[in-house]
>>> print(open('start-v6.txt').read())   # compact mmCIF, C-alpha atoms
# COMPACT_ATOMS: atom_id res chain seq x y z
CA MET D 77 15.75 26.41 37.55
CA SER D 78 14.96 23.49 39.82
CA ARG D 79 17.52 20.78 40.56
CA ARG D 80 15.32 18.25 38.70
CA ARG D 81 15.22 20.33 35.52
CA THR D 82 18.99 20.87 35.75
CA LEU D 83 19.51 17.12 36.02
CA LEU D 84 17.23 16.41 33.03
CA LYS D 85 19.10 18.95 30.94
CA SER D 86 22.40 17.33 31.86
CA VAL D 87 21.13 13.87 30.93
CA SER D 88 19.81 15.17 27.60
CA LYS D 89 23.17 16.69 26.71
CA SER D 90 25.02 13.49 27.49
CA LYS D 91 22.64 11.25 25.51
CA GLU D 92 24.58 9.17 23.02
CA PHE D 93 23.93 9.89 19.34
CA VAL D 94 22.53 6.84 17.54
CA PHE D 95 22.98 6.69 13.77
CA ASP D 96 20.23 4.68 12.08
CA LYS D 97 21.52 4.12 8.54
CA TYR D 98 18.25 2.66 7.27
CA GLU D 99 16.22 5.60 8.55
CA TYR D 100 18.62 8.06 6.90
CA TYR D 101 18.49 6.04 3.67
CA ARG D 102 14.71 6.03 3.67
CA ARG D 103 14.51 9.78 4.22
CA ALA D 104 17.13 10.57 1.60
CA VAL D 105 16.39 8.06 -1.14
CA GLN D 106 13.05 6.34 -0.79
CA ALA D 107 9.44 7.37 -1.30
CA PRO D 108 7.69 3.98 -1.07
CA ASP D 109 4.21 5.49 -0.79
CA VAL D 110 4.79 7.30 -4.09
CA ASP D 111 6.37 4.20 -5.66
CA VAL D 112 3.40 1.93 -5.01
CA ARG D 113 0.94 4.43 -6.43
CA PHE D 114 3.06 4.71 -9.57
CA ILE D 115 3.22 0.92 -9.88
CA ARG D 116 -0.55 0.67 -9.55
CA GLU D 117 -1.14 3.41 -12.11
CA ALA D 118 1.28 1.85 -14.62
CA TYR D 119 -0.51 -1.50 -14.29
CA ARG D 120 -3.89 0.19 -14.65
CA GLU D 121 -2.74 1.99 -17.78
CA LEU D 122 -1.47 -1.20 -19.42
CA ARG D 123 -3.99 -3.76 -18.13
CA LYS D 124 -7.11 -1.68 -17.41
CA ARG D 125 -7.55 -3.17 -13.96
CA ASP D 126 -5.88 -3.09 -10.56
CA PRO D 127 -3.09 -5.49 -9.58
CA ARG D 128 -3.50 -7.30 -6.30
CA SER D 129 -0.19 -9.11 -5.71
CA LEU D 130 3.31 -7.63 -5.79
CA ARG D 131 6.77 -9.06 -5.26
CA GLU D 132 9.55 -6.69 -4.25
CA ASP D 133 12.83 -8.26 -5.34
CA PHE D 134 16.01 -7.08 -3.58
CA CYS D 135 13.52 -5.82 -1.01
CA GLY D 136 15.95 -4.82 1.76
CA SER D 137 13.80 -3.49 4.60
CA PHE D 138 10.72 -4.08 2.36
CA SER D 139 9.16 -0.64 2.70
CA ILE D 140 7.41 -1.02 -0.66
CA CYS D 141 5.73 -4.22 0.55
CA CYS D 142 4.47 -2.36 3.59
CA GLU D 143 3.02 0.47 1.52
CA TRP D 144 1.50 -1.93 -1.01
CA VAL D 145 -0.73 -3.68 1.52
CA LYS D 146 -1.99 -0.28 2.69
CA LEU D 147 -3.39 0.53 -0.76
CA HIS D 148 -6.18 -2.04 -0.70
CA LYS D 149 -7.57 -4.59 1.72
CA GLU D 150 -6.98 -7.39 -0.83
CA ASN D 151 -3.41 -6.48 -1.77
CA GLU D 152 -0.70 -9.04 -1.00
CA ALA D 153 3.05 -8.39 -0.95
CA PHE D 154 6.08 -10.66 -1.05
CA GLY D 155 9.63 -9.49 -0.37
CA VAL D 156 12.79 -11.32 -1.42
CA ASP D 157 16.35 -10.50 -0.35
CA LEU D 158 19.52 -12.41 0.52
CA ASP D 159 20.64 -10.04 3.29
CA ASP D 160 19.22 -10.76 6.72
CA GLU D 161 20.19 -7.40 8.25
CA PRO D 162 17.74 -5.13 6.36
CA ILE D 163 15.03 -7.80 6.61
CA ALA D 164 15.47 -7.81 10.38
CA TYR D 165 15.30 -4.01 10.41
CA GLY D 166 12.03 -3.96 8.49
CA THR D 167 10.62 -6.66 10.73
CA THR D 168 11.29 -4.65 13.89
CA HIS D 169 10.71 -1.11 12.57
CA TYR D 170 8.10 -1.27 9.77
CA LEU D 171 5.90 -4.31 10.37
CA PRO D 172 4.79 -3.22 13.87
CA LYS D 173 3.41 0.03 12.40
CA LEU D 174 0.97 -1.90 10.20
CA LYS D 175 -2.46 -3.11 11.21
CA ALA D 176 -2.80 -6.80 11.98
CA ASP D 177 -4.65 -7.57 8.74
CA GLN D 178 -1.97 -5.72 6.75
CA ARG D 179 0.85 -7.65 8.40
CA ALA D 180 -0.97 -10.87 7.55
CA ARG D 181 -0.77 -10.01 3.85
CA ILE D 182 3.04 -9.66 3.78
CA ARG D 183 5.51 -12.51 3.43
CA ILE D 184 9.27 -11.89 3.44
CA SER D 185 11.78 -14.53 2.33
CA GLN D 186 15.55 -14.52 2.70
CA GLU D 187 16.50 -16.11 -0.58
CA ASN D 188 17.90 -15.52 -4.06
CA VAL D 189 15.80 -13.61 -6.60
CA LEU D 190 16.94 -16.23 -9.16
CA ASN D 191 15.05 -18.94 -7.29
CA PRO D 192 12.51 -20.40 -9.77
CA ASN D 193 10.06 -21.19 -6.98
CA LEU D 194 9.28 -17.62 -5.94
CA PRO D 195 5.62 -16.62 -5.46
CA ARG D 196 3.58 -15.92 -8.59
CA VAL D 197 2.30 -12.34 -8.64
CA ASP D 198 0.75 -9.63 -10.81
CA VAL D 199 3.73 -7.30 -10.45
CA VAL D 200 7.43 -7.85 -9.87
CA CYS D 201 9.46 -4.73 -9.08
CA ALA D 202 13.17 -4.18 -8.59
CA MET D 203 13.75 -0.66 -7.29
CA ASN D 204 16.67 1.60 -6.44
CA PHE D 205 18.64 0.09 -9.34
CA SER D 206 19.24 -3.06 -7.31
CA HIS D 207 19.28 -5.28 -10.40
CA TYR D 208 22.40 -3.42 -11.60
CA ILE D 209 24.27 -5.79 -9.30
CA PHE D 210 24.04 -8.31 -12.16
CA LYS D 211 26.99 -7.37 -14.36
CA ASP D 212 26.81 -10.23 -16.84
CA ARG D 213 24.20 -10.18 -19.60
CA SER D 214 23.44 -13.88 -19.24
CA VAL D 215 22.77 -13.50 -15.51
CA MET D 216 20.53 -10.48 -16.04
CA LYS D 217 18.60 -12.40 -18.67
CA SER D 218 18.25 -15.29 -16.22
CA TYR D 219 16.78 -12.87 -13.71
CA PHE D 220 14.34 -11.39 -16.24
CA HIS D 221 13.37 -14.88 -17.40
CA ASN D 222 12.67 -15.88 -13.80
CA CYS D 223 10.52 -12.80 -13.35
CA HIS D 224 8.59 -13.69 -16.51
CA SER D 225 8.10 -17.28 -15.32
CA THR D 226 6.82 -16.22 -11.91
CA LEU D 227 4.41 -13.55 -13.14
CA ASN D 228 0.73 -14.23 -13.55
CA ALA D 229 -0.78 -13.91 -17.02
CA ASN D 230 -0.96 -10.19 -17.89
CA GLY D 231 1.67 -9.49 -15.24
CA ILE D 232 4.33 -6.80 -15.48
CA LEU D 233 7.95 -6.43 -14.46
CA LEU D 234 8.92 -2.91 -13.42
CA VAL D 235 12.55 -1.86 -12.90
CA ASP D 236 14.17 1.54 -12.61
CA ALA D 237 17.17 2.79 -14.54
CA PHE D 238 19.47 5.79 -14.44
CA GLY D 239 22.23 7.29 -16.52
CA GLY D 240 23.44 10.38 -18.36
CA SER D 241 26.82 11.92 -19.08
CA GLN D 242 27.36 12.68 -15.38
CA CYS D 243 27.35 8.94 -14.68
CA GLN D 244 30.37 8.41 -16.90
CA GLU D 245 32.82 10.14 -14.60
CA ALA D 246 33.75 10.34 -10.94
CA ASN D 247 31.67 12.96 -9.14
CA GLU D 248 29.86 13.66 -5.89
CA GLU D 249 26.35 15.03 -5.55
CA ILE D 250 25.33 16.63 -2.24
CA THR D 251 21.71 17.09 -1.17
CA ASP D 252 20.80 19.18 1.87
CA HIS D 253 18.01 17.87 4.08
CA LYS D 254 16.65 19.54 7.19
CA THR D 255 18.72 17.55 9.66
CA PHE D 256 21.47 16.03 7.52
CA LYS D 257 23.39 16.10 4.26
CA TYR D 258 23.19 13.24 1.79
CA PHE D 259 26.16 12.43 -0.46
CA TRP D 260 25.89 10.32 -3.63
CA ASP D 261 29.50 9.62 -4.52
CA GLN D 262 30.44 8.03 -7.83
CA VAL D 263 33.99 6.86 -7.29
CA SER D 264 34.77 5.39 -10.69
CA PHE D 265 33.48 4.44 -14.13
CA ASP D 266 35.04 2.02 -16.60
CA PRO D 267 33.90 2.77 -20.18
CA ILE D 268 35.03 -0.65 -21.44
CA SER D 269 32.89 -2.66 -19.02
CA ASN D 270 30.41 0.05 -17.91
CA HIS D 271 31.19 -0.97 -14.33
CA ALA D 272 30.88 1.80 -11.76
CA LEU D 273 31.45 2.11 -8.02
CA PHE D 274 29.23 4.26 -5.80
CA HIS D 275 29.13 5.16 -2.11
CA ILE D 276 26.49 6.85 0.03
CA HIS D 277 27.68 9.13 2.85
CA PHE D 278 25.66 11.05 5.43
CA GLN D 279 26.48 14.01 7.61
CA PRO D 280 23.99 14.55 10.46
CA LYS D 281 23.61 18.20 11.38
CA GLY D 282 26.35 19.29 13.77
CA ARG D 283 28.28 16.04 13.41
CA ARG D 284 31.06 14.59 11.35
CA LYS D 285 30.50 13.03 7.94
CA ILE D 286 29.85 9.29 8.11
CA GLU D 287 31.39 7.76 5.00
CA ASN D 288 30.67 4.64 2.96
CA VAL D 289 27.43 3.86 4.76
CA PHE D 290 26.25 1.98 1.67
CA SER D 291 28.36 0.91 -1.32
CA TYR D 292 27.34 -0.33 -4.76
CA ASP D 293 29.46 -2.08 -7.35
CA TRP D 294 27.24 -2.02 -10.43
CA ARG D 295 27.14 -2.27 -14.19
CA MET D 296 25.47 0.74 -15.79
CA TRP D 297 22.90 -0.89 -18.04
CA SER D 298 21.32 1.30 -20.71
CA ILE D 299 17.59 1.42 -21.43
CA PRO D 300 17.96 -0.24 -24.86
CA GLU D 301 19.93 -3.10 -23.27
CA ILE D 302 17.28 -3.61 -20.58
CA ARG D 303 14.47 -3.63 -23.14
CA GLU D 304 16.34 -6.04 -25.40
CA MET D 305 16.99 -8.45 -22.53
CA MET D 306 13.35 -8.28 -21.46
CA HIS D 307 12.21 -9.18 -24.98
CA GLU D 308 14.74 -12.00 -25.15
CA SER D 309 13.40 -13.28 -21.82
CA GLY D 310 9.82 -13.61 -23.02
CA PHE D 311 8.22 -10.21 -22.46
CA THR D 312 6.07 -9.34 -25.45
CA LYS D 313 6.11 -5.58 -25.00
CA THR D 314 8.30 -3.09 -23.14
CA HIS D 315 7.67 0.51 -22.21
CA VAL D 316 9.76 3.37 -20.88
CA TYR D 317 8.37 5.83 -18.37
CA TRP D 318 10.47 8.98 -18.67
CA GLU D 319 10.58 11.72 -16.04
CA GLY D 320 9.39 15.19 -16.99
CA THR D 321 11.31 18.36 -16.20
CA THR D 322 10.61 21.57 -14.33
CA LYS D 323 11.21 25.03 -15.76
CA LYS D 324 14.60 24.93 -14.07
CA GLY D 325 15.49 21.77 -15.98
CA THR D 326 15.37 19.41 -13.01
CA GLY D 327 13.26 16.27 -12.72
CA ASN D 328 9.64 16.88 -11.69
CA GLY D 329 8.90 13.40 -10.35
CA ILE D 330 6.20 12.74 -12.98
CA PHE D 331 6.87 9.72 -15.19
CA LYS D 332 5.02 9.18 -18.46
CA ARG D 333 5.34 6.62 -21.23
CA SER D 334 7.63 7.84 -23.96
CA GLU D 335 9.74 6.55 -26.84
CA LYS D 336 12.04 9.56 -26.80
CA GLY D 337 14.20 10.80 -23.93
CA GLU D 338 16.30 13.90 -23.39
CA ASP D 339 20.04 14.36 -23.62
CA CYS D 340 20.82 15.37 -20.06
CA GLN D 341 23.57 14.97 -17.49
CA GLY D 342 21.49 12.77 -15.26
CA TRP D 343 18.18 11.00 -15.77
CA VAL D 344 15.98 8.43 -14.01
CA ALA D 345 13.41 6.27 -15.78
CA TYR D 346 11.33 3.11 -15.37
CA VAL D 347 11.30 0.20 -17.79
CA VAL D 348 8.24 -2.04 -17.80
CA GLY D 349 7.93 -5.45 -19.44
CA GLU D 350 4.53 -6.97 -20.22
CA LYS D 351 3.78 -10.66 -20.02
CA SER D 352 1.18 -11.78 -22.53
CA PRO D 353 -2.06 -13.45 -21.39
>>> encode(input="start-v6.txt", output="structure tokens")
Amino acid sequence: MSRRRTLLKSVSKSKEFVFDKYEYYRRAVQAPDVDVRFIREAYRELRKRDPRSLREDFCGSFSICCEWVKLHKENEAFGVDLDDEPIAYGTTHYLPKLKADQRARIRISQENVLNPNLPRVDVVCAMNFSHYIFKDRSVMKSYFHNCHSTLNANGILLVDAFGGSQCQEANEEITDHKTFKYFWDQVSFDPISNHALFHIHFQPKGRRKIENVFSYDWRMWSIPEIREMMHESGFTKTHVYWEGTTKKGTGNGIFKRSEKGEDCQGWVAYVVGEKSP
């Protein structure tokens, strides 16, 4: 081995490990390309046409916005979040990967999702259960009402929901990925308030576990509660998209409209509210 190759090998071994929490989160939790196609298909099913404008509330690093503008040359996306850190991450890591015309059709704002002056759009989405941060019914209704007010005629609000008996106790779920382990840790659940505390941990392959990378202090809202609040906030119709199951009894990633769910330990669903013309 030459001296140069020996030196390169030495430098490689001594290279400092950099933990990118947003990249790990994206790989473990998000599938924004799948999400935007589902949003488009749900709108098509209900409105018989394609939506063109989308607002991603609680957008974080706004990966859904980025995928939305890729779907069609006329699609516009707006992201709203109070936290400047994930917005800055998306600005430096995701925006540069888009074409110039795609970047021109994205606008990100650091502000409150309760702001009544948010952009009017065809679709408002709140993903990754981010709206569960609203623990009080009146505040959640204020949010839904604001979504209704800032939707175009025939617009839809799409939020996700999760639950099941497993969510009513402390537990930790571990998922193995190729280069890391992902931990979804439910620390507590209060049956009187339905408040629950969650943490996300990661363990890169060959390294120690990195704990409490993300934490969530949420209220576990049920699907009936979400639908009731949507109706009370002006939405004329609501729909539930329930995930199908594989032969092994696990979720298959295919969500279809349904009025009947399954009694299972853990489930994920989408709730959609329709704004009348």
>>> residues_around(input="start-v6.txt", residues="Val189 of chain D", least_positions_apart="3", cutoff="9 Å", atoms="only C-alpha atoms", output="PyMOL selection string")
chain D and resi 133-134+156-158+192+194+219+222-223
>>> atom_distance(input="start-v6.txt", atom1="atom CA of Glu249 of chain D", atom2="atom CA of Phe290 of chain D")
14.9 Å
>>> atom_distance(input="start-v6.txt", atom1="atom CA of Gly327 of chain D", atom2="atom CA of Trp343 of chain D")
7.8 Å
>>> atom_distance(input="start-v6.txt", atom1="atom CA of Lys146 of chain D", atom2="atom CA of Ser129 of chain D")
12.3 Å
>>> closest_residue(input="start-v6.txt", among="D:Arg181, D:His315, D:Arg196, D:Lys254", to="Arg131 of chain D", atoms="only C-alpha atoms")
D:Arg196
>>> closest_residue(input="start-v6.txt", among="D:Leu234, D:Cys243, D:Cys142, D:Val197", to="Phe114 of chain D", atoms="only C-alpha atoms")
D:Leu234
>>> residues_around(input="start-v6.txt", residues="Met203 of chain D", least_positions_apart="6", cutoff="10 Å", atoms="all atoms listed in the file", output="short mmCIF file (atom, residue, chain, number, x, y, z; two decimals) with C-alpha atoms, in the coordinates of the input")
data_model
loop_
_atom_site.label_atom_id
_atom_site.label_comp_id
_atom_site.auth_asym_id
_atom_site.auth_seq_id
_atom_site.Cartn_x
_atom_site.Cartn_y
_atom_site.Cartn_z
CA GLN D 106 13.05 6.34 -0.79
CA PRO D 108 7.69 3.98 -1.07
CA ASP D 111 6.37 4.20 -5.66
CA GLU D 132 9.55 -6.69 -4.25
CA ASP D 133 12.83 -8.26 -5.34
CA PHE D 134 16.01 -7.08 -3.58
CA CYS D 135 13.52 -5.82 -1.01
CA ILE D 140 7.41 -1.02 -0.66
CA LEU D 234 8.92 -2.91 -13.42
CA VAL D 235 12.55 -1.86 -12.90
CA ASP D 236 14.17 1.54 -12.61
CA ALA D 237 17.17 2.79 -14.54
CA TYR D 346 11.33 3.11 -15.37
#
>>> closest_residue(input="start-v6.txt", among="D:Val348, D:His307, D:Gly282, D:Thr167", to="Thr255 of chain D", atoms="all atoms listed in the file")
D:Gly282
>>> closest_residue(input="start-v6.txt", among="D:Gln178, D:Gln242, D:Asn204, D:Thr168", to="Trp144 of chain D", atoms="only C-alpha atoms")
D:Gln178
>>> axis_aligned_box(input="start-v6.txt", around="segment 135-151 of chain D", padding_each_side="5 Å", output="JSON")
{"center_x": 4.2, "center_y": -3.4, "center_z": 1.4, "size_x": 33.5, "size_y": 17.9, "size_z": 16.4}
>>> closest_residue(input="start-v6.txt", among="D:Phe154, D:His169, D:Glu338, D:His207", to="Ser185 of chain D", atoms="only C-alpha atoms")
D:Phe154
>>> residues_around(input="start-v6.txt", residues="Asp293 of chain D", least_positions_apart="5", cutoff="10 Å", atoms="all atoms listed in the file", output="ChimeraX atom specification")
/D:208-211,264,271-275
>>> decode(input="start-v6.txt", residues="segment 332-344 of chain D", atoms="N, CA and C atoms", output="mmCIF file, in the first residue's frame")
data_model
loop_
_atom_site.group_PDB
_atom_site.id
_atom_site.type_symbol
_atom_site.label_atom_id
_atom_site.label_comp_id
_atom_site.auth_asym_id
_atom_site.auth_seq_id
_atom_site.Cartn_x
_atom_site.Cartn_y
_atom_site.Cartn_z
ATOM 1 N N LYS D 332 -58.174 3.787 2.354
ATOM 2 C CA LYS D 332 -59.423 3.904 1.610
ATOM 3 C C LYS D 332 -60.518 4.458 2.516
ATOM 4 N N ARG D 333 -61.469 5.161 1.890
ATOM 5 C CA ARG D 333 -62.572 5.719 2.664
ATOM 6 C C ARG D 333 -63.382 4.616 3.322
ATOM 7 N N SER D 334 -63.680 4.805 4.578
ATOM 8 C CA SER D 334 -64.424 3.791 5.317
ATOM 9 C C SER D 334 -65.170 4.440 6.476
ATOM 10 N N GLU D 335 -66.286 3.843 6.856
ATOM 11 C CA GLU D 335 -67.030 4.285 8.036
ATOM 12 C C GLU D 335 -66.919 3.267 9.163
ATOM 13 N N LYS D 336 -66.047 2.285 8.981
ATOM 14 C CA LYS D 336 -65.845 1.278 10.021
ATOM 15 C C LYS D 336 -64.370 0.911 10.091
ATOM 16 N N GLY D 337 -63.790 1.020 11.291
ATOM 17 C CA GLY D 337 -62.397 0.666 11.482
ATOM 18 C C GLY D 337 -62.241 -0.717 12.080
ATOM 19 N N GLU D 338 -61.050 -1.010 12.549
ATOM 20 C CA GLU D 338 -60.760 -2.301 13.165
ATOM 21 C C GLU D 338 -60.249 -2.085 14.583
ATOM 22 N N ASP D 339 -60.592 -3.004 15.456
ATOM 23 C CA ASP D 339 -60.108 -2.955 16.828
ATOM 24 C C ASP D 339 -58.694 -3.528 16.848
ATOM 25 N N CYS D 340 -57.703 -2.645 16.882
ATOM 26 C CA CYS D 340 -56.326 -3.117 16.828
ATOM 27 C C CYS D 340 -55.468 -2.330 17.811
ATOM 28 N N GLN D 341 -54.294 -2.858 18.093
ATOM 29 C CA GLN D 341 -53.407 -2.228 19.073
ATOM 30 C C GLN D 341 -52.896 -0.880 18.613
ATOM 31 N N GLY D 342 -52.678 -0.750 17.329
ATOM 32 C CA GLY D 342 -52.199 0.518 16.800
ATOM 33 C C GLY D 342 -52.734 0.750 15.405
ATOM 34 N N TRP D 343 -53.232 1.925 15.134
ATOM 35 C CA TRP D 343 -53.757 2.245 13.812
ATOM 36 C C TRP D 343 -53.361 3.673 13.419
ATOM 37 N N VAL D 344 -53.341 3.909 12.118
ATOM 38 C CA VAL D 344 -53.110 5.242 11.553
ATOM 39 C C VAL D 344 -54.204 5.490 10.526
#
